[in-house]
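Structure file coords-v4.cif with mmCIF, C-alpha atoms and all ligand atoms:
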```
data_my_file
loop_
_atom_site.group_PDB
_atom_site.id
_atom_site.type_symbol
_atom_site.label_atom_id
_atom_site.label_comp_id
_atom_site.auth_asym_id
_atom_site.auth_seq_id
_atom_site.Cartn_x
_atom_site.Cartn_y
_atom_site.Cartn_z
ATOM 1 C CA MET A 266 124.879 123.955 85.364
ATOM 2 C CA LYS A 267 124.660 125.561 88.784
ATOM 3 C CA ILE A 268 124.180 122.900 91.468
ATOM 4 C CA ALA A 269 123.028 123.025 95.123
ATOM 5 C CA ILE A 270 124.332 120.124 97.214
ATOM 6 C CA LEU A 271 121.938 119.246 100.049
ATOM 7 C CA GLY A 272 123.788 116.950 102.469
ATOM 8 C CA TYR A 273 127.548 117.478 102.331
ATOM 9 C CA GLY A 274 128.711 114.185 103.797
ATOM 10 C CA LYS A 275 130.457 111.189 102.205
ATOM 11 C CA MET A 276 128.339 111.393 99.053
ATOM 12 C CA GLY A 277 127.983 115.195 98.872
ATOM 13 C CA LYS A 278 131.759 115.647 98.825
ATOM 14 C CA ILE A 279 132.309 113.142 95.966
ATOM 15 C CA ILE A 280 129.400 114.675 94.026
ATOM 16 C CA GLU A 281 131.042 118.101 94.343
ATOM 17 C CA LYS A 282 134.293 116.763 92.848
ATOM 18 C CA ILE A 283 132.628 114.894 89.974
ATOM 19 C CA ALA A 284 130.310 117.834 89.179
ATOM 20 C CA GLN A 285 133.274 120.225 89.030
ATOM 21 C CA ASP A 286 135.211 117.794 86.800
ATOM 22 C CA ARG A 287 132.197 117.929 84.452
ATOM 23 C CA LYS A 288 132.406 121.781 84.470
ATOM 24 C CA HIS A 289 129.404 122.407 86.713
ATOM 25 C CA GLU A 290 129.445 125.063 89.432
ATOM 26 C CA ILE A 291 128.477 124.387 93.066
ATOM 27 C CA VAL A 292 126.510 127.424 94.273
ATOM 28 C CA LEU A 293 125.211 126.094 97.608
ATOM 29 C CA LYS A 294 126.311 123.372 100.066
ATOM 30 C CA ILE A 295 124.070 122.490 102.999
ATOM 31 C CA ASP A 296 124.828 120.200 105.896
ATOM 32 C CA VAL A 297 123.785 120.015 109.526
ATOM 33 C CA THR A 298 126.103 122.901 110.489
ATOM 34 C CA ASN A 299 124.606 125.548 108.135
ATOM 35 C CA LYS A 300 121.042 124.320 107.576
ATOM 36 C CA ASP A 301 119.680 127.884 108.123
ATOM 37 C CA GLU A 302 121.181 128.792 104.750
ATOM 38 C CA LEU A 303 118.619 126.572 103.000
ATOM 39 C CA THR A 304 116.372 129.474 101.925
ATOM 40 C CA THR A 305 114.273 129.905 98.791
ATOM 41 C CA GLU A 306 116.514 132.782 97.789
ATOM 42 C CA ASN A 307 119.678 130.669 98.051
ATOM 43 C CA LEU A 308 118.112 127.647 96.340
ATOM 44 C CA ARG A 309 117.017 129.773 93.373
ATOM 45 C CA LYS A 310 120.680 130.432 92.568
ATOM 46 C CA ALA A 311 120.828 126.762 91.414
ATOM 47 C CA ASP A 312 119.500 125.029 88.267
ATOM 48 C CA VAL A 313 119.199 121.773 90.216
ATOM 49 C CA ALA A 314 119.676 120.401 93.734
ATOM 50 C CA ILE A 315 121.309 117.043 94.530
ATOM 51 C CA GLU A 316 120.170 115.609 97.856
ATOM 52 C CA PHE A 317 122.088 112.973 99.867
ATOM 53 C CA SER A 318 121.363 113.583 103.554
ATOM 54 C CA THR A 319 119.391 111.512 106.085
ATOM 55 C CA PRO A 320 115.950 109.870 106.206
ATOM 56 C CA ASP A 321 114.884 112.516 108.781
ATOM 57 C CA THR A 322 116.016 115.486 106.682
ATOM 58 C CA VAL A 323 115.157 114.541 103.135
ATOM 59 C CA LEU A 324 111.448 115.474 103.191
ATOM 60 C CA ASP A 325 112.218 119.043 104.357
ATOM 61 C CA HIS A 326 114.784 119.363 101.578
ATOM 62 C CA ILE A 327 112.277 118.129 98.994
ATOM 63 C CA GLU A 328 109.647 120.584 100.229
ATOM 64 C CA ALA A 329 112.141 123.472 100.104
ATOM 65 C CA CYS A 330 112.999 122.629 96.479
ATOM 66 C CA PHE A 331 109.324 122.360 95.480
ATOM 67 C CA GLU A 332 108.737 125.781 97.096
ATOM 68 C CA ALA A 333 111.692 127.320 95.260
ATOM 69 C CA LYS A 334 110.733 125.538 91.987
ATOM 70 C CA VAL A 335 114.205 123.990 91.710
ATOM 71 C CA PRO A 336 114.412 120.420 90.323
ATOM 72 C CA ILE A 337 115.741 117.956 92.891
ATOM 73 C CA ILE A 338 117.660 114.675 92.530
ATOM 74 C CA VAL A 339 117.114 112.538 95.641
ATOM 75 C CA GLY A 340 119.672 109.877 96.544
ATOM 76 C CA THR A 341 118.787 109.595 100.226
ATOM 77 C CA THR A 342 117.144 106.295 101.151
ATOM 78 C CA GLY A 343 114.888 105.320 104.055
ATOM 79 C CA TRP A 344 111.881 107.542 103.203
ATOM 80 C CA TYR A 345 110.044 105.428 100.598
ATOM 81 C CA GLY A 346 106.977 105.036 102.832
ATOM 82 C CA GLN A 347 106.269 108.669 101.806
ATOM 83 C CA LEU A 348 106.858 108.123 98.084
ATOM 84 C CA GLN A 349 103.206 108.419 97.019
ATOM 85 C CA ASN A 350 102.668 111.615 99.077
ATOM 86 C CA VAL A 351 105.808 113.175 97.610
ATOM 87 C CA LYS A 352 104.718 112.177 94.083
ATOM 88 C CA ASN A 353 101.325 113.835 94.652
ATOM 89 C CA ASP A 354 102.996 117.014 95.977
ATOM 90 C CA CYS A 355 105.453 117.051 93.091
ATOM 91 C CA GLU A 356 102.756 116.737 90.453
ATOM 92 C CA GLY A 357 100.328 119.025 92.327
ATOM 93 C CA THR A 358 102.856 121.853 92.516
ATOM 94 C CA GLY A 359 104.291 121.437 89.000
ATOM 95 C CA SER A 360 107.710 120.551 90.433
ATOM 96 C CA THR A 361 110.474 118.196 89.273
ATOM 97 C CA LEU A 362 111.964 115.315 91.262
ATOM 98 C CA LEU A 363 114.051 112.288 90.281
ATOM 99 C CA TYR A 364 114.829 109.693 92.946
ATOM 100 C CA GLY A 365 116.826 106.479 92.976
ATOM 101 C CA SER A 366 117.796 103.963 95.599
ATOM 102 C CA ASN A 367 121.046 103.548 93.676
ATOM 103 C CA PHE A 368 122.430 105.735 90.881
ATOM 104 C CA SER A 369 125.295 103.493 89.719
ATOM 105 C CA VAL A 370 125.179 102.036 86.217
ATOM 106 C CA GLY A 371 126.187 98.605 87.535
ATOM 107 C CA VAL A 372 123.347 98.395 90.041
ATOM 108 C CA ASN A 373 120.793 99.594 87.496
ATOM 109 C CA VAL A 374 121.907 96.825 85.127
ATOM 110 C CA PHE A 375 121.619 94.469 88.130
ATOM 111 C CA PHE A 376 118.033 95.683 88.828
ATOM 112 C CA HIS A 377 117.048 94.924 85.238
ATOM 113 C CA VAL A 378 118.606 91.446 85.084
ATOM 114 C CA ASN A 379 117.250 90.623 88.564
ATOM 115 C CA LYS A 380 113.682 91.064 87.280
ATOM 116 C CA ILE A 381 114.291 88.847 84.257
ATOM 117 C CA LEU A 382 115.910 86.183 86.474
ATOM 118 C CA ALA A 383 112.967 86.275 88.920
ATOM 119 C CA LYS A 384 110.487 85.544 86.103
ATOM 120 C CA LEU A 385 112.696 82.742 84.770
ATOM 121 C CA MET A 386 112.842 81.098 88.216
ATOM 122 C CA ASN A 387 109.045 80.551 88.182
ATOM 123 C CA ASN A 388 109.924 77.451 86.139
ATOM 124 C CA TYR A 389 112.162 76.062 88.898
ATOM 125 C CA PRO A 390 110.140 75.832 92.131
ATOM 126 C CA TYR A 391 112.789 73.847 94.038
ATOM 127 C CA TYR A 392 114.961 76.973 94.396
ATOM 128 C CA ASP A 393 114.331 79.277 97.339
ATOM 129 C CA VAL A 394 115.622 82.828 97.104
ATOM 130 C CA GLN A 395 117.009 85.400 99.502
ATOM 131 C CA VAL A 396 118.661 88.832 99.315
ATOM 132 C CA GLU A 397 121.694 89.907 101.323
ATOM 133 C CA GLU A 398 122.992 93.461 101.667
ATOM 134 C CA ILE A 399 126.197 94.576 103.415
ATOM 135 C CA HIS A 400 126.961 98.211 104.256
ATOM 136 C CA HIS A 401 129.243 100.278 106.499
ATOM 137 C CA THR A 402 128.304 100.675 110.158
ATOM 138 C CA GLN A 403 127.247 104.373 109.845
ATOM 139 C CA LYS A 404 124.283 103.465 107.647
ATOM 140 C CA LEU A 405 121.063 104.715 109.292
ATOM 141 C CA ASP A 406 118.458 102.676 107.370
ATOM 142 C CA SER A 407 117.891 98.980 106.847
ATOM 143 C CA PRO A 408 117.275 97.286 104.606
ATOM 144 C CA SER A 409 119.163 99.418 102.096
ATOM 145 C CA GLY A 410 117.089 101.201 99.466
ATOM 146 C CA THR A 411 118.877 99.120 96.841
ATOM 147 C CA ALA A 412 117.885 95.867 98.587
ATOM 148 C CA ILE A 413 114.265 97.061 98.666
ATOM 149 C CA THR A 414 114.325 97.727 94.904
ATOM 150 C CA ILE A 415 115.860 94.286 94.319
ATOM 151 C CA ALA A 416 113.252 92.623 96.569
ATOM 152 C CA GLU A 417 110.404 94.464 94.838
ATOM 153 C CA GLY A 418 111.721 93.201 91.496
ATOM 154 C CA ILE A 419 111.694 89.617 92.799
ATOM 155 C CA VAL A 420 108.231 89.870 94.401
ATOM 156 C CA GLU A 421 106.885 91.341 91.133
ATOM 157 C CA GLY A 422 108.358 88.566 88.964
ATOM 158 C CA LEU A 423 108.439 85.427 91.116
ATOM 159 C CA ASP A 424 104.944 84.121 91.853
ATOM 160 C CA ARG A 425 105.921 82.181 95.006
ATOM 161 C CA LYS A 426 107.088 85.308 96.920
ATOM 162 C CA LYS A 427 104.383 87.702 98.142
ATOM 163 C CA GLU A 428 106.287 90.226 100.310
ATOM 164 C CA TRP A 429 109.754 90.929 101.693
ATOM 165 C CA VAL A 430 110.823 90.895 105.343
ATOM 166 C CA ASN A 431 114.058 92.198 106.825
ATOM 167 C CA ILE A 432 116.456 90.996 109.482
ATOM 168 C CA LEU A 433 119.365 93.219 110.538
ATOM 169 C CA THR A 434 122.338 91.391 112.015
ATOM 170 C CA THR A 435 125.955 91.966 112.915
ATOM 171 C CA ASP A 436 127.000 88.330 113.131
ATOM 172 C CA GLY A 437 125.839 86.370 110.113
ATOM 173 C CA ASN A 438 122.411 85.586 111.524
ATOM 174 C CA GLU A 439 122.311 81.814 111.979
ATOM 175 C CA GLY A 440 118.783 80.443 111.843
ATOM 176 C CA ALA A 441 117.154 83.523 110.274
ATOM 177 C CA ASP A 442 115.638 81.367 107.521
ATOM 178 C CA ASP A 443 113.476 79.550 110.091
ATOM 179 C CA MET A 444 111.745 82.824 111.046
ATOM 180 C CA VAL A 445 110.557 83.489 107.488
ATOM 181 C CA LYS A 446 107.457 81.979 105.840
ATOM 182 C CA ALA A 447 107.744 80.224 102.476
ATOM 183 C CA ASP A 448 105.984 83.050 100.616
ATOM 184 C CA GLN A 449 108.151 85.736 102.265
ATOM 185 C CA LEU A 450 111.419 86.947 100.776
ATOM 186 C CA LEU A 451 114.142 87.447 103.374
ATOM 187 C CA ILE A 452 116.416 90.482 103.071
ATOM 188 C CA GLU A 453 119.333 89.959 105.400
ATOM 189 C CA SER A 454 121.181 93.192 106.326
ATOM 190 C CA LEU A 455 124.731 93.107 107.644
ATOM 191 C CA ARG A 456 126.753 96.085 108.888
ATOM 192 C CA ILE A 457 130.557 95.821 108.550
ATOM 193 C CA GLU A 458 133.129 98.664 108.762
ATOM 194 C CA ASN A 459 133.927 100.527 105.524
ATOM 195 C CA VAL A 460 131.778 98.510 103.089
ATOM 196 C CA PRO A 461 130.401 100.947 100.428
ATOM 197 C CA GLY A 462 127.581 98.567 99.400
ATOM 198 C CA THR A 463 127.332 94.886 98.417
ATOM 199 C CA HIS A 464 124.102 93.212 97.270
ATOM 200 C CA THR A 465 123.618 89.510 96.547
ATOM 201 C CA VAL A 466 120.607 87.531 95.362
ATOM 202 C CA VAL A 467 120.943 83.818 96.129
ATOM 203 C CA TYR A 468 118.740 81.097 94.611
ATOM 204 C CA ASP A 469 119.416 77.956 96.605
ATOM 205 C CA SER A 470 118.343 74.348 96.037
ATOM 206 C CA GLU A 471 119.364 70.967 97.492
ATOM 207 C CA VAL A 472 121.840 70.452 94.668
ATOM 208 C CA ASP A 473 123.300 73.892 93.942
ATOM 209 C CA SER A 474 123.175 77.677 94.430
ATOM 210 C CA ILE A 475 123.024 80.510 91.940
ATOM 211 C CA GLU A 476 124.529 83.753 93.285
ATOM 212 C CA PHE A 477 124.002 87.093 91.549
ATOM 213 C CA LYS A 478 126.123 89.797 93.169
ATOM 214 C CA HIS A 479 127.007 93.495 92.842
ATOM 215 C CA THR A 480 129.956 94.898 94.781
ATOM 216 C CA ALA A 481 130.622 98.647 94.882
ATOM 217 C CA HIS A 482 134.398 99.182 95.217
ATOM 218 C CA ASN A 483 133.857 102.838 96.212
ATOM 219 C CA ARG A 484 131.155 105.560 96.038
ATOM 220 C CA ASN A 485 132.204 107.142 92.721
ATOM 221 C CA GLY A 486 129.635 105.250 90.624
ATOM 222 C CA PHE A 487 126.750 106.435 92.843
ATOM 223 C CA ALA A 488 127.976 110.038 92.654
ATOM 224 C CA LEU A 489 128.517 110.066 88.888
ATOM 225 C CA GLY A 490 125.016 108.658 88.352
ATOM 226 C CA ALA A 491 123.518 111.439 90.492
ATOM 227 C CA VAL A 492 125.313 114.134 88.468
ATOM 228 C CA LEU A 493 124.169 112.465 85.212
ATOM 229 C CA ALA A 494 120.606 112.521 86.599
ATOM 230 C CA ALA A 495 120.931 116.253 87.343
ATOM 231 C CA GLU A 496 121.978 116.802 83.714
ATOM 232 C CA TRP A 497 119.188 114.522 82.378
ATOM 233 C CA VAL A 498 116.418 116.280 84.323
ATOM 234 C CA GLN A 499 117.170 119.745 82.892
ATOM 235 C CA GLY A 500 114.106 121.066 81.030
ATOM 236 C CA LYS A 501 111.845 118.249 82.349
ATOM 237 C CA LYS A 502 108.832 118.596 84.668
ATOM 238 C CA GLY A 503 107.335 115.862 86.848
ATOM 239 C CA PHE A 504 108.156 112.870 89.013
ATOM 240 C CA TYR A 505 110.840 110.449 87.773
ATOM 241 C CA SER A 506 112.890 107.534 89.001
ATOM 242 C CA VAL A 507 116.422 106.653 87.952
ATOM 243 C CA LYS A 508 114.854 103.861 85.874
ATOM 244 C CA ASP A 509 113.437 106.518 83.522
ATOM 245 C CA MET A 510 116.947 107.824 82.947
ATOM 246 C CA PHE A 511 118.525 104.435 82.154
ATOM 247 C CA ASN A 512 115.504 103.189 80.170
ATOM 248 C CA PHE A 513 116.953 99.732 79.360
ATOM 249 C CA SER A 514 115.112 98.199 76.425
ATOM 250 C CA LEU A 515 116.204 94.530 76.587
HETATM 251 N N1 LIG B 601 120.987 106.511 95.858
HETATM 252 C C1 LIG B 601 122.286 106.208 95.896
HETATM 253 O O1 LIG B 601 122.915 105.887 94.863
HETATM 254 C C2 LIG B 601 122.996 106.303 97.192
HETATM 255 C C3 LIG B 601 122.313 106.689 98.313
HETATM 256 N N2 LIG B 601 122.955 106.900 99.489
HETATM 257 C C4 LIG B 601 122.148 107.457 100.566
HETATM 258 O O2 LIG B 601 122.477 108.835 100.697
HETATM 259 C C5 LIG B 601 122.317 109.245 102.047
HETATM 260 C C6 LIG B 601 123.581 109.956 102.511
HETATM 261 O O3 LIG B 601 124.657 109.087 102.492
HETATM 262 P P1 LIG B 601 126.132 109.570 102.971
HETATM 263 O O4 LIG B 601 126.576 110.751 102.212
HETATM 264 O O5 LIG B 601 126.943 108.334 102.964
HETATM 265 O O6 LIG B 601 125.815 110.008 104.496
HETATM 266 P P2 LIG B 601 126.666 110.968 105.436
HETATM 267 O O7 LIG B 601 126.240 110.656 106.842
HETATM 268 O O8 LIG B 601 128.103 110.902 105.128
HETATM 269 O O9 LIG B 601 126.141 112.438 105.064
HETATM 270 C C7 LIG B 601 124.888 112.927 105.460
HETATM 271 C C8 LIG B 601 124.892 114.445 105.366
HETATM 272 O O10 LIG B 601 123.605 114.942 105.762
HETATM 273 C C9 LIG B 601 123.797 116.083 106.556
HETATM 274 N N3 LIG B 601 122.676 116.353 107.439
HETATM 275 C C10 LIG B 601 122.266 115.645 108.521
HETATM 276 N N4 LIG B 601 121.230 116.264 109.107
HETATM 277 C C11 LIG B 601 121.005 117.386 108.385
HETATM 278 C C12 LIG B 601 120.070 118.448 108.506
HETATM 279 N N5 LIG B 601 119.164 118.465 109.485
HETATM 280 N N6 LIG B 601 120.093 119.441 107.584
HETATM 281 C C13 LIG B 601 121.001 119.427 106.593
HETATM 282 N N7 LIG B 601 121.919 118.451 106.418
HETATM 283 C C14 LIG B 601 121.920 117.465 107.321
HETATM 284 C C15 LIG B 601 125.063 115.769 107.358
HETATM 285 O O11 LIG B 601 125.638 116.977 107.862
HETATM 286 C C16 LIG B 601 125.918 115.116 106.294
HETATM 287 O O12 LIG B 601 126.607 116.124 105.561
HETATM 288 C C17 LIG B 601 121.931 107.984 102.813
HETATM 289 O O13 LIG B 601 120.523 107.942 102.928
HETATM 290 C C18 LIG B 601 122.395 106.852 101.914
HETATM 291 O O14 LIG B 601 121.631 105.680 102.094
HETATM 292 C C19 LIG B 601 124.293 106.710 99.612
HETATM 293 C C20 LIG B 601 125.027 106.292 98.549
HETATM 294 C C21 LIG B 601 124.448 106.034 97.257
HETATM 295 O O1 LIG B 602 124.086 104.265 102.723
HETATM 296 C C1 LIG B 602 124.841 103.933 101.776
HETATM 297 O O2 LIG B 602 126.066 104.026 101.856
HETATM 298 C C2 LIG B 602 124.215 103.454 100.532
HETATM 299 N N1 LIG B 602 122.922 103.570 100.419
HETATM 300 C C3 LIG B 602 122.145 103.224 99.291
HETATM 301 C C4 LIG B 602 121.110 102.192 99.671
HETATM 302 O O3 LIG B 602 120.516 102.299 100.763
HETATM 303 O O4 LIG B 602 120.838 101.297 98.872
HETATM 304 C C5 LIG B 602 122.950 102.896 98.068
HETATM 305 C C6 LIG B 602 124.290 102.278 98.310
HETATM 306 O O5 LIG B 602 124.141 100.908 98.502
HETATM 307 C C7 LIG B 602 125.068 102.933 99.442
#
```

Would you write out, as structure tokens, the structure that this file holds?
Ligand SMILES: NC(=O)C1=CN([C@@H]2O[C@H](COP(=O)(O)OP(=O)(O)OC[C@H]3O[C@@H](n4cnc5c(N)ncnc54)[C@H](O)[C@@H]3O)[C@@H](O)[C@H]2O)C=CC1
Ligand SMILES: O=C(O)C1=N[C@H](C(=O)O)C[C@H](O)C1
Amino acid sequence: MKIAILGYGKMGKIIEKIAQDRKHEIVLKIDVTNKDELTTENLRKADVAIEFSTPDTVLDHIEACFEAKVPIIVGTTGWYGQLQNVKNDCEGTGSTLLYGSNFSVGVNVFFHVNKILAKLMNNYPYYDVQVEEIHHTQKLDSPSGTAITIAEGIVEGLDRKKEWVNILTTDGNEGADDMVKADQLLIESLRIENVPGTHTVVYDSEVDSIEFKHTAHNRNGFALGAVLAAEWVQGKKGFYSVKDMFNFSL
């Protein structure tokens, strides 16, 4: 496959390596220094584009791919307020897009089990629940896209939580719980040097705690998942999420 990499930062560089190991060819690399090279003509050299840039850039990249009729895999987070508009554009223009807040196998297993656990916890009202995410200090968005997906899974399954709220902190955030209503789910975001991504769901009662945690040791799992998505989307039309690719049946 011929691949265009849109956003050649921490993720773009690992994606390049993994794609080449899987015998794909990188025909275009775009970052902030050569963004003028993102033309329809250049994009059409690729079978698929993989996009990991910034919340401010991603929508332009999506539009450029729709215009060029090149399928796009979107890993960038922080733009989900525009999801419905992008879906409408994708379907209206006969384009192809697959997005995911997290492409790693481990996190997608976590998403699935998280939903089952949330439903189960309806039977145990004396547990409160909260989500914690920790990322490196360069991260532009909070809460993380992954934490939002986790929180949406809990709000969907657990009747006593109606919406999520976010608090970003650098120091452990003493007293945050007091600022959150009983039917709100707190997502606590922490920023610590060099952390690739750690997500924890904690159910806490007077007598014990249940902690469900995913720790990324590096970024390779995210990058491999994005390349697998680029392979999976070949020959498909329409708007997909990474959930469609994993399609867990349990
Ligand atoms: N879905 C997933 O599995 C994962 C998603 N992410 C998300 O991917 C995004 C990128 O993450 P990183 O690679 O760690 O960030 P990074 O900061 O290392 O790289 C961002 C890249 O975007 C480029 N860029 C910035 N402005 C641009 C512009 N105007 N035009 C073209 N390129 C531009 C930069 O030059 C840089 O190459 C973030 O939103 C992050 O949350 C990160 C890891 C996994
Ligand atoms: O910015 C990151 O680094 C990551 N972003 C994604 C997110 O917002 O969930 C995925 C991963 O946790 C790393």

Could you tell me which residues the PyMOL selection byres (((chain A and resi 399) around 12) and not hetatm) returns for this structure, as a PyMOL selection string? chain A and resi 396-398+400-404+406-412+433-437+452-465+478-481

Ligand LIG 601 (chain B): which residues are within 9 Å, counting all atoms listed in the file? Reply as a PyMOL selection string. chain A and resi 271-279+295-301+303+316-323+325-326+339-344+364-369+372+403-406+409-411+461-462+484+486-488+490-491

Check what the PyMOL selection byres (((chain A and resi 496-503) around 6) and not hetatm) selects in the file above and give those residues as an MDAnalysis selection string. chainID A and resid 356 360:361 493:495 504

Answer key for the PyMOL selection byres (((chain A and resi 310-315) around 6) and not hetatm), residues as an MDAnalysis selection string: chainID A and resid 267:271 307:309 316 335:338

Distance query Glu417 in chain A at most 12 Å, only C-alpha atoms, self and fewer than 2 positions along chain excluded, as a PyMOL selection string: chain A and resi 376-377+379-380+383+396+410-415+419-423+426-430+449-452

One number please: CA of Glu332 in chain A to CA of Glu290 in chain A, in Å, one decimal.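 Computing the Euclidean distance for CA of Glu332 in chain A and CA of Glu290 in chain A yields 22.1 Å.
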
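A straight line drawn from CA of Tyr468 in chain A to CA of Val445 in chain A is 15.4 Å long.
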
Distance in Å - CA of Glu328 in chain A versus atom C3 of ligand LIG 602 (chain B):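 Between these atoms lies a distance of 21.4 Å.
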
Selection: 9 Å around Thr305 in chain A, only C-alpha atoms, excl. self and same-chain fewer than 6 positions, as a PyMOL selection string: chain A and resi 329-330+332-334

Let's have the selection written as a PDB file, in the frame of the given file, with C-alpha atoms.
```
ATOM      1  CA  ALA A 329     112.141 123.472 100.104  1.00  0.00           C
ATOM      2  CA  CYS A 330     112.999 122.629  96.479  1.00  0.00           C
ATOM      3  CA  GLU A 332     108.737 125.781  97.096  1.00  0.00           C
ATOM      4  CA  ALA A 333     111.692 127.320  95.260  1.00  0.00           C
ATOM      5  CA  LYS A 334     110.733 125.538  91.987  1.00  0.00           C
TER       6      LYS A 334
END
```

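Closest approach to Met266 in chain A from the set A:Val507, A:Val492, A:Val378, A:Val472 is made by A:Val492, with distances taken over only C-alpha atoms.
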
Please determine, counting all atoms listed in the file, which residue among A:His482, A:Lys282, A:Lys294, A:Lys446 has the shortest atom-to-atom distance to ligand LIG 602 (chain B).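 Nearest to ligand LIG 602 (chain B): A:His482.
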
So which one's closest to ligand LIG 602 (chain B), A:Phe511, A:Tyr345, A:Tyr505, A:Tyr392? Using all atoms listed in the file, please.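 Among the listed residues, the smallest separation from ligand LIG 602 (chain B) belongs to A:Tyr345.
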
Using all atoms listed in the file, which of A:Ala416, A:Leu362, A:Ile327, A:Ile283 sits nearest ligand LIG 602 (chain B)?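 Going through A:Ala416, A:Leu362, A:Ile327, A:Ile283 one by one, the smallest distance to ligand LIG 602 (chain B) is for A:Ala416.
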
Listed atoms of range 498-503 of chain A, axis-aligned box, 3 Å per side: centre and edge lengths to one decimal in Å, as AutoDock Vina command-line options?
```
--center_x 112.3 --center_y 118.5 --center_z 83.9 --size_x 15.8 --size_y 11.2 --size_z 11.8
```

Show me the residues close to (119.9, 76.8, 93.4) - anything with an atom within 10 Å, counting only C-alpha atoms - and format the list as a list in words.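 Here is the list of nearby residues: Met386, Tyr389, Pro390, Tyr391, Tyr392, Asp393, Val394, Val467, Tyr468, Asp469, Ser470, Glu471, Val472, Asp473, Ser474, Ile475 and Glu476 of chain A.
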
Would you please take range 480-496 of chain A of the structure in the block above and write C-alpha atoms to a file as a short mmCIF file (atom, residue, chain, number, x, y, z; two decimals), in the first residue's frame?
```cif
data_model
loop_
_atom_site.label_atom_id
_atom_site.label_comp_id
_atom_site.auth_asym_id
_atom_site.auth_seq_id
_atom_site.Cartn_x
_atom_site.Cartn_y
_atom_site.Cartn_z
CA THR A 480 -0.69 1.28 30.93
CA ALA A 481 0.96 1.92 27.56
CA HIS A 482 4.70 1.14 27.89
CA ASN A 483 5.44 2.97 24.61
CA ARG A 484 3.62 4.21 21.47
CA ASN A 485 4.16 1.12 19.28
CA GLY A 486 0.73 -0.39 19.99
CA PHE A 487 -1.06 2.82 18.90
CA ALA A 488 1.00 2.98 15.70
CA LEU A 489 0.54 -0.68 14.76
CA GLY A 490 -3.22 -0.35 15.25
CA ALA A 491 -3.31 2.67 12.91
CA VAL A 492 -1.44 0.76 10.18
CA LEU A 493 -3.79 -2.23 10.64
CA ALA A 494 -6.73 0.19 10.26
CA ALA A 495 -5.23 1.53 7.01
CA GLU A 496 -5.04 -2.05 5.71
#
```
